[in-house]
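J.: One file is attached below, data04.cif, containing mmCIF, C-alpha atoms.
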```cif
data_coords
#
loop_
_atom_site.label_atom_id
_atom_site.label_comp_id
_atom_site.auth_asym_id
_atom_site.auth_seq_id
_atom_site.Cartn_x
_atom_site.Cartn_y
_atom_site.Cartn_z
CA MET A 12 -17.03 13.01 -11.64
CA ILE A 13 -15.23 9.71 -11.26
CA GLN A 14 -11.91 9.41 -13.11
CA LEU A 15 -10.94 5.81 -12.47
CA GLU A 16 -7.33 6.55 -13.47
CA ALA A 17 -7.01 8.61 -10.27
CA LEU A 18 -7.29 5.39 -8.26
CA TYR A 19 -4.25 3.99 -10.07
CA LYS A 20 -2.12 6.48 -8.11
CA ILE A 21 -2.74 4.59 -4.88
CA SER A 22 0.36 2.57 -3.96
CA TYR A 23 0.15 -1.13 -3.16
CA GLY A 24 2.62 -3.95 -2.78
CA LEU A 25 1.98 -7.50 -3.96
CA TYR A 26 1.88 -10.43 -1.60
CA ILE A 27 1.02 -14.11 -1.42
CA VAL A 28 -1.28 -14.69 1.54
CA THR A 29 -1.47 -18.31 2.70
CA SER A 30 -3.20 -20.45 5.28
CA GLY A 31 -3.58 -24.12 6.14
CA ASP A 32 -1.35 -26.58 7.97
CA ARG A 33 1.31 -29.19 7.16
CA ASN A 34 -1.23 -31.39 5.33
CA GLN A 35 -3.17 -28.88 3.27
CA GLY A 36 -2.71 -25.30 2.28
CA ASN A 37 -3.83 -22.60 -0.10
CA GLY A 38 -2.92 -19.03 -0.93
CA PHE A 39 -3.76 -16.08 -3.15
CA VAL A 40 -2.09 -12.98 -4.51
CA SER A 41 -3.18 -9.88 -2.61
CA ASN A 42 -2.36 -6.21 -2.96
CA THR A 43 -4.22 -5.18 0.18
CA VAL A 44 -2.01 -6.02 3.12
CA PHE A 45 -1.30 -3.26 5.62
CA GLN A 46 -0.52 -2.63 9.23
CA VAL A 47 -3.44 -1.26 11.28
CA THR A 48 -1.98 -0.88 14.79
CA SER A 49 1.51 -0.94 16.30
CA GLN A 50 0.54 -1.77 19.89
CA PRO A 51 -0.03 -4.67 19.47
CA GLN A 52 1.22 -5.15 15.93
CA ARG A 53 -1.85 -6.00 13.90
CA PHE A 54 -2.30 -6.37 10.17
CA ALA A 55 -5.27 -6.35 7.83
CA VAL A 56 -5.70 -8.49 4.73
CA CYS A 57 -8.60 -8.04 2.34
CA CYS A 58 -9.95 -11.24 0.77
CA ASN A 59 -12.84 -11.93 -1.60
CA LYS A 60 -15.49 -14.07 0.10
CA ASP A 61 -15.42 -16.43 -2.91
CA ASN A 62 -11.67 -17.04 -2.59
CA TYR A 63 -10.90 -20.60 -1.53
CA SER A 64 -8.27 -19.13 0.82
CA ALA A 65 -10.95 -17.31 2.83
CA SER A 66 -12.22 -20.64 4.19
CA PHE A 67 -8.66 -21.70 5.07
CA ILE A 68 -8.00 -18.52 7.06
CA GLN A 69 -11.27 -18.96 8.95
CA GLN A 70 -10.63 -22.66 9.62
CA PHE A 71 -6.96 -22.39 10.67
CA LYS A 72 -7.34 -18.99 12.39
CA ALA A 73 -3.98 -17.81 11.11
CA PHE A 74 -2.39 -16.54 7.91
CA ALA A 75 1.06 -15.81 6.52
CA VAL A 76 2.09 -13.05 4.15
CA SER A 77 5.01 -13.45 1.74
CA ILE A 78 6.23 -10.08 0.49
CA LEU A 79 7.04 -10.57 -3.20
CA ALA A 80 10.20 -9.38 -4.94
CA GLN A 81 10.22 -7.37 -8.17
CA ASP A 82 11.68 -10.37 -10.02
CA THR A 83 8.99 -12.82 -8.86
CA SER A 84 8.16 -15.08 -11.80
CA ALA A 85 4.99 -14.66 -13.86
CA GLU A 86 4.33 -18.35 -13.23
CA LEU A 87 4.20 -17.88 -9.44
CA ILE A 88 1.88 -14.89 -9.75
CA GLY A 89 -0.20 -16.75 -12.33
CA LYS A 90 -0.57 -19.77 -10.09
CA PHE A 91 -1.48 -17.92 -6.91
CA GLY A 92 -3.23 -14.96 -8.55
CA TYR A 93 -5.30 -16.42 -11.36
CA LYS A 94 -5.97 -20.04 -10.50
CA SER A 95 -8.14 -21.56 -7.79
CA GLY A 96 -6.98 -24.01 -5.16
CA ARG A 97 -10.32 -25.78 -5.66
CA GLU A 98 -8.89 -27.19 -8.91
CA MET A 99 -5.25 -27.74 -7.98
CA ASN A 100 -2.90 -27.98 -5.01
CA LYS A 101 -1.08 -24.65 -5.23
CA MET A 102 1.55 -25.78 -2.72
CA THR A 103 2.96 -28.43 -5.10
CA ASP A 104 6.37 -27.45 -6.51
CA VAL A 105 6.56 -24.35 -4.29
CA LYS A 106 9.17 -23.90 -1.55
CA VAL A 107 7.35 -23.45 1.76
CA ILE A 108 8.37 -23.42 5.41
CA PHE A 109 6.43 -23.67 8.66
CA LYS A 110 6.97 -21.44 11.69
CA GLU A 111 4.98 -20.61 14.85
CA THR A 112 1.44 -20.83 13.44
CA ASN A 113 2.13 -23.92 11.29
CA VAL A 114 0.56 -22.34 8.21
CA PRO A 115 2.58 -22.90 5.01
CA ILE A 116 4.71 -19.84 4.18
CA VAL A 117 5.77 -19.39 0.54
CA LEU A 118 9.50 -18.64 0.16
CA ASP A 119 9.71 -18.59 -3.65
CA GLY A 120 9.88 -15.04 -4.96
CA SER A 121 9.76 -13.60 -1.43
CA LEU A 122 11.85 -10.85 0.18
CA ALA A 123 10.35 -11.38 3.62
CA PHE A 124 7.38 -12.95 5.34
CA PHE A 125 5.35 -12.57 8.48
CA GLU A 126 2.60 -14.61 10.08
CA CYS A 127 -0.36 -13.61 12.19
CA LYS A 128 -2.96 -15.33 14.31
CA LEU A 129 -6.47 -14.29 13.32
CA VAL A 130 -8.06 -11.94 15.88
CA ASP A 131 -11.02 -10.41 14.02
CA VAL A 132 -12.98 -10.47 10.76
CA PHE A 133 -14.96 -7.60 9.25
CA ASP A 134 -17.55 -7.80 6.49
CA VAL A 135 -17.13 -5.20 3.74
CA GLY A 136 -19.59 -6.60 1.21
CA THR A 137 -17.97 -8.80 -1.44
CA HIS A 138 -14.81 -9.09 0.72
CA TRP A 139 -13.69 -9.89 4.24
CA ILE A 140 -11.08 -7.85 6.08
CA PHE A 141 -9.10 -10.31 8.21
CA ILE A 142 -7.27 -8.80 11.18
CA GLY A 143 -4.24 -10.70 12.44
CA GLU A 144 -1.78 -10.19 15.27
CA LEU A 145 1.91 -10.56 14.47
CA VAL A 146 3.52 -13.79 15.62
CA SER A 147 6.72 -13.88 13.59
CA ALA A 148 8.48 -11.88 10.86
CA GLU A 149 11.65 -12.69 8.95
CA ILE A 150 13.67 -11.38 6.07
CA VAL A 151 14.39 -13.93 3.32
CA ASP A 152 16.38 -11.75 0.90
CA ASP A 153 17.57 -8.28 1.90
CA THR A 154 18.94 -7.33 -1.53
CA GLY A 155 15.85 -7.22 -3.75
CA GLN A 156 13.18 -4.58 -4.16
CA PRO A 157 9.56 -5.21 -3.18
CA LEU A 158 7.19 -5.77 -6.09
CA THR A 159 4.71 -2.92 -6.17
CA TYR A 160 1.37 -2.98 -7.94
CA ALA A 161 2.50 0.03 -10.02
CA TYR A 162 5.54 -1.91 -11.25
CA TYR A 163 3.41 -4.97 -11.93
CA ARG A 164 0.95 -2.91 -13.98
CA GLU A 165 3.41 -0.67 -15.82
CA VAL A 166 6.39 -2.95 -16.35
CA LYS A 167 4.86 -6.41 -16.19
CA LYS A 168 1.56 -5.29 -17.81
CA GLY A 169 -0.51 -7.06 -15.18
CA PHE A 170 -4.14 -6.51 -14.29
CA SER A 171 -6.20 -7.13 -11.17
CA PRO A 172 -8.23 -10.31 -11.48
CA LYS A 173 -12.01 -10.06 -11.08
CA ASN A 174 -11.91 -11.07 -7.40
CA ALA A 175 -9.45 -8.33 -6.41
CA PRO A 176 -10.53 -5.25 -4.45
CA THR A 177 -8.89 -3.10 -7.13
CA TYR A 178 -10.49 -4.78 -10.17
CA ILE A 179 -11.32 -2.26 -12.89
CA ASP A 180 -13.34 -3.18 -15.94
CA GLN A 181 -10.91 -2.17 -18.70
CA SER A 182 -13.79 -1.50 -21.11
CA LYS A 183 -14.71 1.47 -18.89
CA ILE A 184 -11.30 3.12 -19.32
CA GLU A 185 -11.06 5.55 -22.21
CA THR A 186 -8.66 4.22 -24.83
CA LYS A 187 -6.27 6.33 -26.84
CA THR A 188 -6.71 6.68 -30.59
CA GLU A 189 -5.19 3.61 -32.13
CA ASN A 190 -4.08 2.32 -35.47
CA ALA A 191 -7.25 0.86 -36.98
CA MET A 192 -5.22 -1.99 -38.46
CA SER A 193 -3.89 -3.18 -35.11
CA LYS A 194 -5.41 -6.11 -33.26
CA LYS A 195 -5.77 -7.09 -29.62
CA PHE A 196 -5.42 -10.55 -28.12
CA LYS A 197 -6.66 -11.50 -24.68
CA CYS A 198 -5.29 -14.09 -22.29
CA PRO A 199 -8.28 -16.26 -21.28
CA ILE A 200 -6.69 -17.09 -17.91
CA CYS A 201 -5.75 -13.73 -16.44
CA GLY A 202 -7.34 -11.21 -18.79
CA TYR A 203 -4.05 -9.64 -19.92
CA ILE A 204 -4.49 -7.90 -23.28
CA TYR A 205 -1.72 -7.89 -25.87
CA ASP A 206 -2.21 -4.72 -27.87
CA GLU A 207 -0.31 -4.64 -31.18
CA ALA A 208 -0.64 -0.84 -31.41
CA GLU A 209 1.09 -0.44 -28.06
CA GLU A 210 3.67 -3.20 -28.39
CA LYS A 211 4.58 -2.35 -32.02
CA VAL A 212 4.94 -6.06 -32.75
CA LYS A 213 2.26 -8.13 -34.47
CA PHE A 214 0.97 -10.94 -32.28
CA SER A 215 1.59 -13.42 -35.10
CA ASP A 216 5.24 -12.34 -35.20
CA LEU A 217 5.82 -13.29 -31.56
CA PRO A 218 7.81 -16.52 -31.11
CA ASP A 219 5.82 -19.69 -30.49
CA ASP A 220 7.32 -20.07 -27.00
CA TRP A 221 6.17 -16.57 -25.98
CA VAL A 222 4.01 -16.74 -22.85
CA CYS A 223 1.59 -14.37 -21.16
CA PRO A 224 3.78 -11.92 -19.17
CA VAL A 225 1.27 -11.97 -16.33
CA CYS A 226 0.28 -15.58 -15.76
CA GLY A 227 2.52 -17.65 -18.06
CA SER A 228 -0.26 -19.00 -20.30
CA GLU A 229 0.83 -20.15 -23.76
CA LYS A 230 0.54 -17.99 -26.87
CA SER A 231 -1.82 -20.51 -28.51
CA GLU A 232 -4.38 -19.97 -25.74
CA PHE A 233 -4.83 -16.24 -26.55
CA ILE A 234 -8.08 -15.09 -28.18
CA GLU A 235 -8.36 -12.24 -30.70
CA ILE A 236 -10.72 -9.59 -29.40
CA SER A 237 -10.46 -6.82 -32.03
CA MET B 20 11.35 -14.64 15.87
CA ILE B 21 10.24 -11.13 14.98
CA GLN B 22 12.55 -9.20 12.65
CA LEU B 23 10.91 -5.78 12.50
CA GLU B 24 12.90 -4.90 9.38
CA ALA B 25 10.81 -7.48 7.48
CA LEU B 26 7.78 -5.23 7.94
CA TYR B 27 9.60 -2.41 6.13
CA LYS B 28 9.20 -4.41 2.90
CA ILE B 29 5.44 -3.78 2.90
CA SER B 30 4.59 -1.12 0.32
CA TYR B 31 2.51 1.91 1.22
CA GLY B 32 1.72 5.23 -0.40
CA LEU B 33 1.39 8.49 1.50
CA TYR B 34 -1.83 10.46 1.59
CA ILE B 35 -3.51 13.40 3.28
CA VAL B 36 -6.91 12.32 4.53
CA THR B 37 -9.28 15.18 5.27
CA SER B 38 -12.78 15.82 6.55
CA GLY B 39 -14.95 18.74 7.57
CA ASP B 40 -16.99 21.26 5.62
CA ARG B 41 -16.59 24.76 4.16
CA ASN B 42 -16.29 26.30 7.66
CA GLN B 43 -13.99 23.90 9.44
CA GLY B 44 -11.69 21.13 8.38
CA ASN B 45 -8.83 18.94 9.48
CA GLY B 46 -6.58 16.29 8.01
CA PHE B 47 -3.72 13.93 8.71
CA VAL B 48 -1.00 12.10 6.82
CA SER B 49 -1.86 8.43 6.37
CA ASN B 50 -0.05 5.52 4.77
CA THR B 51 -2.95 3.10 5.16
CA VAL B 52 -5.42 3.89 2.40
CA PHE B 53 -6.56 1.01 0.21
CA GLN B 54 -9.44 -0.24 -1.86
CA VAL B 55 -11.46 -3.04 -0.26
CA THR B 56 -14.17 -3.79 -2.85
CA SER B 57 -14.75 -2.89 -6.50
CA GLN B 58 -18.55 -3.42 -6.58
CA PRO B 59 -19.31 -0.94 -5.15
CA GLN B 60 -15.99 0.87 -4.99
CA ARG B 61 -15.15 1.08 -1.32
CA PHE B 62 -12.01 2.23 0.42
CA ALA B 63 -10.55 1.78 3.88
CA VAL B 64 -8.59 4.36 5.86
CA CYS B 65 -6.93 3.55 9.15
CA CYS B 66 -6.94 6.36 11.74
CA ASN B 67 -5.70 6.56 15.33
CA LYS B 68 -8.61 7.09 17.73
CA ASP B 69 -6.70 10.02 19.28
CA ASN B 70 -6.36 11.82 15.93
CA TYR B 71 -8.41 15.01 15.82
CA SER B 72 -9.41 14.00 12.28
CA ALA B 73 -11.20 10.89 13.56
CA SER B 74 -13.90 13.06 15.14
CA PHE B 75 -14.26 15.05 11.90
CA ILE B 76 -14.80 11.91 9.81
CA GLN B 77 -17.40 10.64 12.28
CA GLN B 78 -19.18 14.00 12.43
CA PHE B 79 -19.22 14.79 8.71
CA LYS B 80 -19.66 11.15 7.57
CA ALA B 81 -17.30 11.64 4.64
CA PHE B 82 -13.59 11.91 3.93
CA ALA B 83 -11.30 12.84 1.08
CA VAL B 84 -7.92 11.37 0.19
CA SER B 85 -5.23 13.38 -1.56
CA ILE B 86 -2.61 11.13 -3.14
CA LEU B 87 0.73 12.84 -2.52
CA ALA B 88 3.45 13.36 -5.13
CA GLN B 89 7.09 12.42 -4.61
CA ASP B 90 8.05 16.10 -4.53
CA THR B 91 5.51 17.04 -1.84
CA SER B 92 7.18 19.54 0.48
CA ALA B 93 8.48 18.57 3.93
CA GLU B 94 6.45 21.50 5.28
CA LEU B 95 3.15 20.03 4.04
CA ILE B 96 3.97 16.59 5.46
CA GLY B 97 5.19 18.19 8.68
CA LYS B 98 1.99 20.20 9.08
CA PHE B 99 -0.45 17.36 8.37
CA GLY B 100 1.68 14.53 9.72
CA TYR B 101 3.27 15.84 12.89
CA LYS B 102 1.04 18.63 14.17
CA SER B 103 -2.45 18.50 15.64
CA GLY B 104 -5.46 20.40 14.38
CA ARG B 105 -6.38 20.95 18.04
CA GLU B 106 -3.61 23.56 18.17
CA MET B 107 -3.83 25.11 14.72
CA ASN B 108 -6.07 25.39 11.67
CA LYS B 109 -4.27 23.11 9.22
CA MET B 110 -6.34 24.39 6.31
CA THR B 111 -4.82 27.88 6.53
CA ASP B 112 -2.43 28.60 3.65
CA VAL B 113 -3.28 25.32 1.91
CA LYS B 114 -5.02 25.12 -1.47
CA VAL B 115 -8.27 23.21 -1.04
CA ILE B 116 -11.34 22.57 -3.19
CA PHE B 117 -14.82 21.25 -2.44
CA LYS B 118 -16.65 18.65 -4.51
CA GLU B 119 -19.68 16.36 -3.96
CA THR B 120 -19.27 15.67 -0.23
CA ASN B 121 -18.26 19.25 0.66
CA VAL B 122 -15.25 18.08 2.69
CA PRO B 123 -12.11 20.14 2.05
CA ILE B 124 -9.78 18.37 -0.41
CA VAL B 125 -6.08 19.31 -0.29
CA LEU B 126 -4.62 20.07 -3.74
CA ASP B 127 -1.10 21.10 -2.67
CA GLY B 128 1.40 18.33 -3.34
CA SER B 129 -1.33 16.07 -4.78
CA LEU B 130 -1.33 13.93 -7.92
CA ALA B 131 -4.98 12.95 -7.55
CA PHE B 132 -7.77 12.86 -5.01
CA PHE B 133 -10.94 10.96 -4.31
CA GLU B 134 -13.76 11.38 -1.82
CA CYS B 135 -15.96 8.89 -0.09
CA LYS B 136 -19.09 8.94 2.01
CA LEU B 137 -18.64 7.02 5.25
CA VAL B 138 -20.48 3.67 5.22
CA ASP B 139 -18.93 1.73 8.12
CA VAL B 140 -16.43 1.95 10.99
CA PHE B 141 -14.47 -0.94 12.52
CA ASP B 142 -12.64 -0.94 15.83
CA VAL B 143 -9.12 -2.41 15.67
CA GLY B 144 -7.88 -1.36 19.11
CA THR B 145 -5.90 1.89 19.08
CA HIS B 146 -7.24 2.71 15.60
CA TRP B 147 -10.47 2.89 13.62
CA ILE B 148 -10.82 1.52 10.12
CA PHE B 149 -13.18 3.85 8.27
CA ILE B 150 -14.91 2.36 5.22
CA GLY B 151 -16.04 4.83 2.57
CA GLU B 152 -17.87 4.49 -0.73
CA LEU B 153 -16.45 6.35 -3.70
CA VAL B 154 -18.26 9.53 -4.69
CA SER B 155 -15.72 11.28 -6.89
CA ALA B 156 -12.15 10.83 -8.12
CA GLU B 157 -9.99 13.19 -10.14
CA ILE B 158 -6.44 13.49 -11.38
CA VAL B 159 -4.70 16.76 -10.45
CA ASP B 160 -1.28 16.16 -12.02
CA ASP B 161 -0.69 13.21 -14.35
CA THR B 162 3.07 13.75 -14.70
CA GLY B 163 4.44 13.13 -11.21
CA GLN B 164 5.14 9.91 -9.36
CA PRO B 165 3.20 8.93 -6.24
CA LEU B 166 5.10 9.36 -2.97
CA THR B 167 5.63 5.93 -1.45
CA TYR B 168 6.47 5.28 2.15
CA ALA B 169 9.68 3.52 1.03
CA TYR B 170 10.78 6.67 -0.83
CA TYR B 171 9.84 8.84 2.13
CA ARG B 172 11.89 6.66 4.48
CA GLU B 173 14.90 5.98 2.27
CA VAL B 174 15.24 9.22 0.35
CA LYS B 175 13.52 11.75 2.59
CA LYS B 176 14.62 10.00 5.82
CA GLY B 177 11.15 10.16 7.32
CA PHE B 178 9.72 8.13 10.17
CA SER B 179 6.19 7.13 11.16
CA PRO B 180 4.89 9.33 13.96
CA LYS B 181 3.76 7.64 17.17
CA ASN B 182 0.07 7.63 16.16
CA ALA B 183 0.73 5.79 12.87
CA PRO B 184 -0.21 2.13 12.40
CA THR B 185 3.35 1.49 11.21
CA TYR B 186 5.15 3.21 14.10
CA ILE B 187 8.33 1.37 15.07
CA ASP B 188 10.33 2.27 18.15
CA GLN B 189 13.72 2.97 16.58
CA SER B 190 15.50 1.96 19.79
CA LYS B 191 14.35 -1.61 19.11
CA ILE B 192 16.07 -1.75 15.73
CA GLU B 193 19.63 -3.08 15.80
CA THR B 194 22.06 -0.34 14.83
CA LYS B 195 25.16 -0.87 12.76
CA THR B 196 28.59 -0.33 14.31
CA GLU B 197 29.20 3.36 14.27
CA ASN B 198 32.03 5.77 14.70
CA ALA B 199 32.18 6.34 18.44
CA MET B 200 32.98 10.00 17.85
CA SER B 201 29.82 10.67 15.84
CA LYS B 202 26.75 12.25 17.38
CA LYS B 203 23.03 12.04 16.77
CA PHE B 204 20.51 14.87 16.89
CA LYS B 205 16.78 14.38 17.14
CA CYS B 206 14.00 16.56 15.80
CA PRO B 207 11.64 17.17 18.76
CA ILE B 208 8.64 17.61 16.43
CA CYS B 209 8.72 14.54 14.19
CA GLY B 210 11.38 12.31 15.72
CA TYR B 211 13.71 12.41 12.71
CA ILE B 212 17.27 11.57 13.74
CA TYR B 213 20.25 13.25 12.09
CA ASP B 214 23.09 10.74 12.34
CA GLU B 215 26.54 12.22 11.69
CA ALA B 216 28.02 8.76 11.01
CA GLU B 217 25.52 8.15 8.25
CA GLU B 218 25.42 11.65 6.78
CA LYS B 219 29.22 12.15 6.90
CA VAL B 220 28.65 15.81 7.84
CA LYS B 221 28.85 17.13 11.37
CA PHE B 222 25.58 18.61 12.58
CA SER B 223 27.41 21.78 13.62
CA ASP B 224 28.70 22.17 10.07
CA LEU B 225 25.18 22.28 8.60
CA PRO B 226 24.10 25.78 7.53
CA ASP B 227 21.93 27.74 9.98
CA ASP B 228 18.99 27.71 7.56
CA TRP B 229 19.04 23.89 7.33
CA VAL B 230 15.67 22.45 8.31
CA CYS B 231 14.43 19.01 9.30
CA PRO B 232 13.99 17.11 6.00
CA VAL B 233 10.84 15.50 7.34
CA CYS B 234 8.82 18.22 9.00
CA GLY B 235 10.65 21.46 8.31
CA SER B 236 11.58 22.26 11.93
CA GLU B 237 14.55 24.59 12.40
CA LYS B 238 18.08 23.35 13.10
CA SER B 239 18.14 25.18 16.45
CA GLU B 240 15.26 23.05 17.70
CA PHE B 241 17.20 19.77 17.37
CA ILE B 242 18.36 18.00 20.55
CA GLU B 243 21.60 16.00 20.85
CA ILE B 244 20.84 12.41 21.84
CA SER B 245 24.24 10.72 21.70
#
```
Take the structure I supplied and represent it as structure tokens, if you would.

T.:
Amino acid sequence: MIQLEALYKISYGLYIVTSGDRNQGNGFVSNTVFQVTSQPQRFAVCCNKDNYSASFIQQFKAFAVSILAQDTSAELIGKFGYKSGREMNKMTDVKVIFKETNVPIVLDGSLAFFECKLVDVFDVGTHWIFIGELVSAEIVDDTGQPLTYAYYREVKKGFSPKNAPTYIDQSKIETKTENAMSKKFKCPICGYIYDEAEEKVKFSDLPDDWVCPVCGSEKSEFIEIS
Amino acid sequence: MIQLEALYKISYGLYIVTSGDRNQGNGFVSNTVFQVTSQPQRFAVCCNKDNYSASFIQQFKAFAVSILAQDTSAELIGKFGYKSGREMNKMTDVKVIFKETNVPIVLDGSLAFFECKLVDVFDVGTHWIFIGELVSAEIVDDTGQPLTYAYYREVKKGFSPKNAPTYIDQSKIETKTENAMSKKFKCPICGYIYDEAEEKVKFSDLPDDWVCPVCGSEKSEFIEIS
């Protein structure tokens, strides 16, 4: 028996993982960042092989991790989590700094960051596990709480994008009995579903300047799916 | 610059990872369990090479993960997190079940569990990263909250044991100015430090049946360290 809901009990944080140099950079939202050894201090980051950032990490042999705060904006997560650096420069209009490795480190929405030089890469099928050794670590804001994946899912109503290790096809999750009159609207950018039965507010009654709580897409972009 | 406190902002859950069969079994407390791919559903578990459990996972080519609840007892964490299966049978007096892989799955203190067959092993120095493919997953208790490492550290005052990927030598962390008259007492089993300045209660004033909040060791076992 496989109850996919059981996997939702696993705890993750949310991070922006970046690589590049002072001229070019890219990054993606990751929930799989974790320490693997303490002597020396090494960290693992899981990254879809199709992610544009994967080629940056391999080219620049270093990566930085910005640990996101609970109040990180939907726009920042939308930009780094649901858009590709192949189509835009994600570093535009984002506050970044450069430290020992010279990779761009995102400060917006971050509680702390650390950077690693790449020491190993493992193939796990659709994803790489990048192993990095700690070079620097700093606190940016010691007052906020880290954004966890549970908070993102439950409070911010976010989903894993298709490239994430934790992607779950929502159509495979059993749905509760719903009001047959209610409708659902899907964000075409990030996949967020606005469910009238759950929200108790008709989609048409939402203000025109309402935006997707996950990625910041406009209301007019949503598509009715039921 | 390396500010070790920055690394505390990384979010982890806490889990008991087990392996073995119906005749013998062992397990350890881990905070590094995470999904690495969704097609197929594969998970990574980081395990110190010295851990007795590492040999079980390699021998039985499978492991189970019990996702711990916030109210998991200090005794259960103490047993699986700070004691070795080389000296005791950890499965004694613990509620376990067996599913598809036949490894013992711990139900005590668990919100959910899943089991994986071992498909790969990576060497990251002092630790192995075991990669497993999902075989079964079930919810045990859908009402509780998952125990996070942040909660364990802040509320339960727990520390990573020396074999953990996230072990930090507390002597390297800057300490706040303290009352020179206050004393500290260390648990010889798990390393928990009772700090009179922080707790505002003298160690000698604690009741005789007080136990280590992390591993359940008795008050009389504590050693004065300052």

J.: To one decimal in Å, tell me the separation between CA of Tyr160 in chain A and CA of Asp216 in chain A.

T.: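 CA of Tyr160 in chain A sits 29.1 Å away from CA of Asp216 in chain A.
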
J.: Apply the PyMOL selection byres ((chain A) within 6 of (chain B)) to the structure shown and report the selected residues as a PyMOL selection string.

T.: chain A and resi 12-14+17+22-24+46-49+123+147-150+176-178

J.: Between CA of Tyr205 in chain A and CA of Leu87 in chain A, what is the distance in Å, rounded to a tenth?

T.: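 Interatomic distance here is 20.1 Å.
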
J.: Taking (-5.7, -15.3, 12.9) in the file's coordinates, which residues come within 6 Å, counting all atoms listed in the file, written as a ChimeraX atom specification?

T.: /A:72-73,127-130,143

J.: Rank nothing, just name the residue among B:Phe75, B:Phe82, B:Phe241, B:Phe149 nearest to Asn121 in chain B, using only C-alpha atoms.

T.: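 Selected residue with least distance to Asn121 in chain B: B:Phe82.
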
J.: On this file, the PyMOL selection byres ((chain A and resi 105) around 9) gives some set of residues; write that set as a short mmCIF file (atom, residue, chain, number, x, y, z; two decimals) with C-alpha atoms, in the coordinates of the input.

T.:
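The new file out.cif reads:
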```cif
data_model
loop_
_atom_site.label_atom_id
_atom_site.label_comp_id
_atom_site.auth_asym_id
_atom_site.auth_seq_id
_atom_site.Cartn_x
_atom_site.Cartn_y
_atom_site.Cartn_z
CA LEU A 87 4.20 -17.88 -9.44
CA LYS A 101 -1.08 -24.65 -5.23
CA MET A 102 1.55 -25.78 -2.72
CA THR A 103 2.96 -28.43 -5.10
CA ASP A 104 6.37 -27.45 -6.51
CA LYS A 106 9.17 -23.90 -1.55
CA VAL A 107 7.35 -23.45 1.76
CA VAL A 117 5.77 -19.39 0.54
CA LEU A 118 9.50 -18.64 0.16
CA ASP A 119 9.71 -18.59 -3.65
#
```

J.: Identify which of the residues B:Gln78, B:Asp214, B:Val230, B:Glu106 lies closest to Met200 in chain B, counting only C-alpha atoms when measuring atom-to-atom distances.

T.: B:Asp214

J.: Using all atoms listed in the file, pick whichever of B:Ala93, B:Ala73, B:Ile124, B:Thr162 has the shortest atom-to-atom distance to Lys176 in chain B.

T.: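 Ranking B:Ala93, B:Ala73, B:Ile124, B:Thr162 by distance to Lys176 in chain B, first place goes to B:Ala93.
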
J.: For Val233 in chain B, find every residue with an atom within 10 Å (counting only C-alpha atoms), except residues of its own chain fewer than 6 positions away, and show them as a compact mmCIF listing (two decimals) with C-alpha atoms, keeping the file's coordinate frame.

T.:
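Saved to around_31.txt:
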```txt
# COMPACT_ATOMS: atom_id res chain seq x y z
CA SER B 92 7.18 19.54 0.48
CA ALA B 93 8.48 18.57 3.93
CA GLU B 94 6.45 21.50 5.28
CA LEU B 95 3.15 20.03 4.04
CA ILE B 96 3.97 16.59 5.46
CA GLY B 97 5.19 18.19 8.68
CA GLY B 100 1.68 14.53 9.72
CA TYR B 101 3.27 15.84 12.89
CA TYR B 171 9.84 8.84 2.13
CA ARG B 172 11.89 6.66 4.48
CA LYS B 175 13.52 11.75 2.59
CA LYS B 176 14.62 10.00 5.82
CA GLY B 177 11.15 10.16 7.32
CA PHE B 178 9.72 8.13 10.17
CA CYS B 206 14.00 16.56 15.80
CA ILE B 208 8.64 17.61 16.43
CA CYS B 209 8.72 14.54 14.19
CA GLY B 210 11.38 12.31 15.72
CA TYR B 211 13.71 12.41 12.71
CA ILE B 212 17.27 11.57 13.74
```

J.: So which one's closest to Gln69 in chain A, A:Ser30, A:Ser41, A:Ser95, A:Gln81? Using all atoms listed in the file, please.

T.: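 Of A:Ser30, A:Ser41, A:Ser95, A:Gln81, the one nearest Gln69 in chain A is A:Ser30, counting all atoms listed in the file.
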
J.: Could you please determine the separation between CA of Asn45 in chain B and CA of Glu237 in chain B in Å, to one decimal place?

T.: 24.2 Å

J.: Can you translate the PyMOL selection byres ((chain A and resi 63) around 7) into the concrete residues it hits in this file, as a list in words?

T.: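 This file, filtered by the PyMOL selection byres ((chain A and resi 63) around 7), leaves Asp61, Asn62, Ser64, Ala65, Ser66, Ser95, Gly96 and Arg97 of chain A.
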
J.: The centre and edge lengths of an axis-aligned box containing all atoms of range 138-142 of chain B present in the file, extended by 8 Å on each side, are to be given in Å to one decimal, as AutoDock Vina command-line options.

T.:
```
--center_x -16.6 --center_y 1.4 --center_z 10.5 --size_x 23.8 --size_y 20.6 --size_z 26.6
```
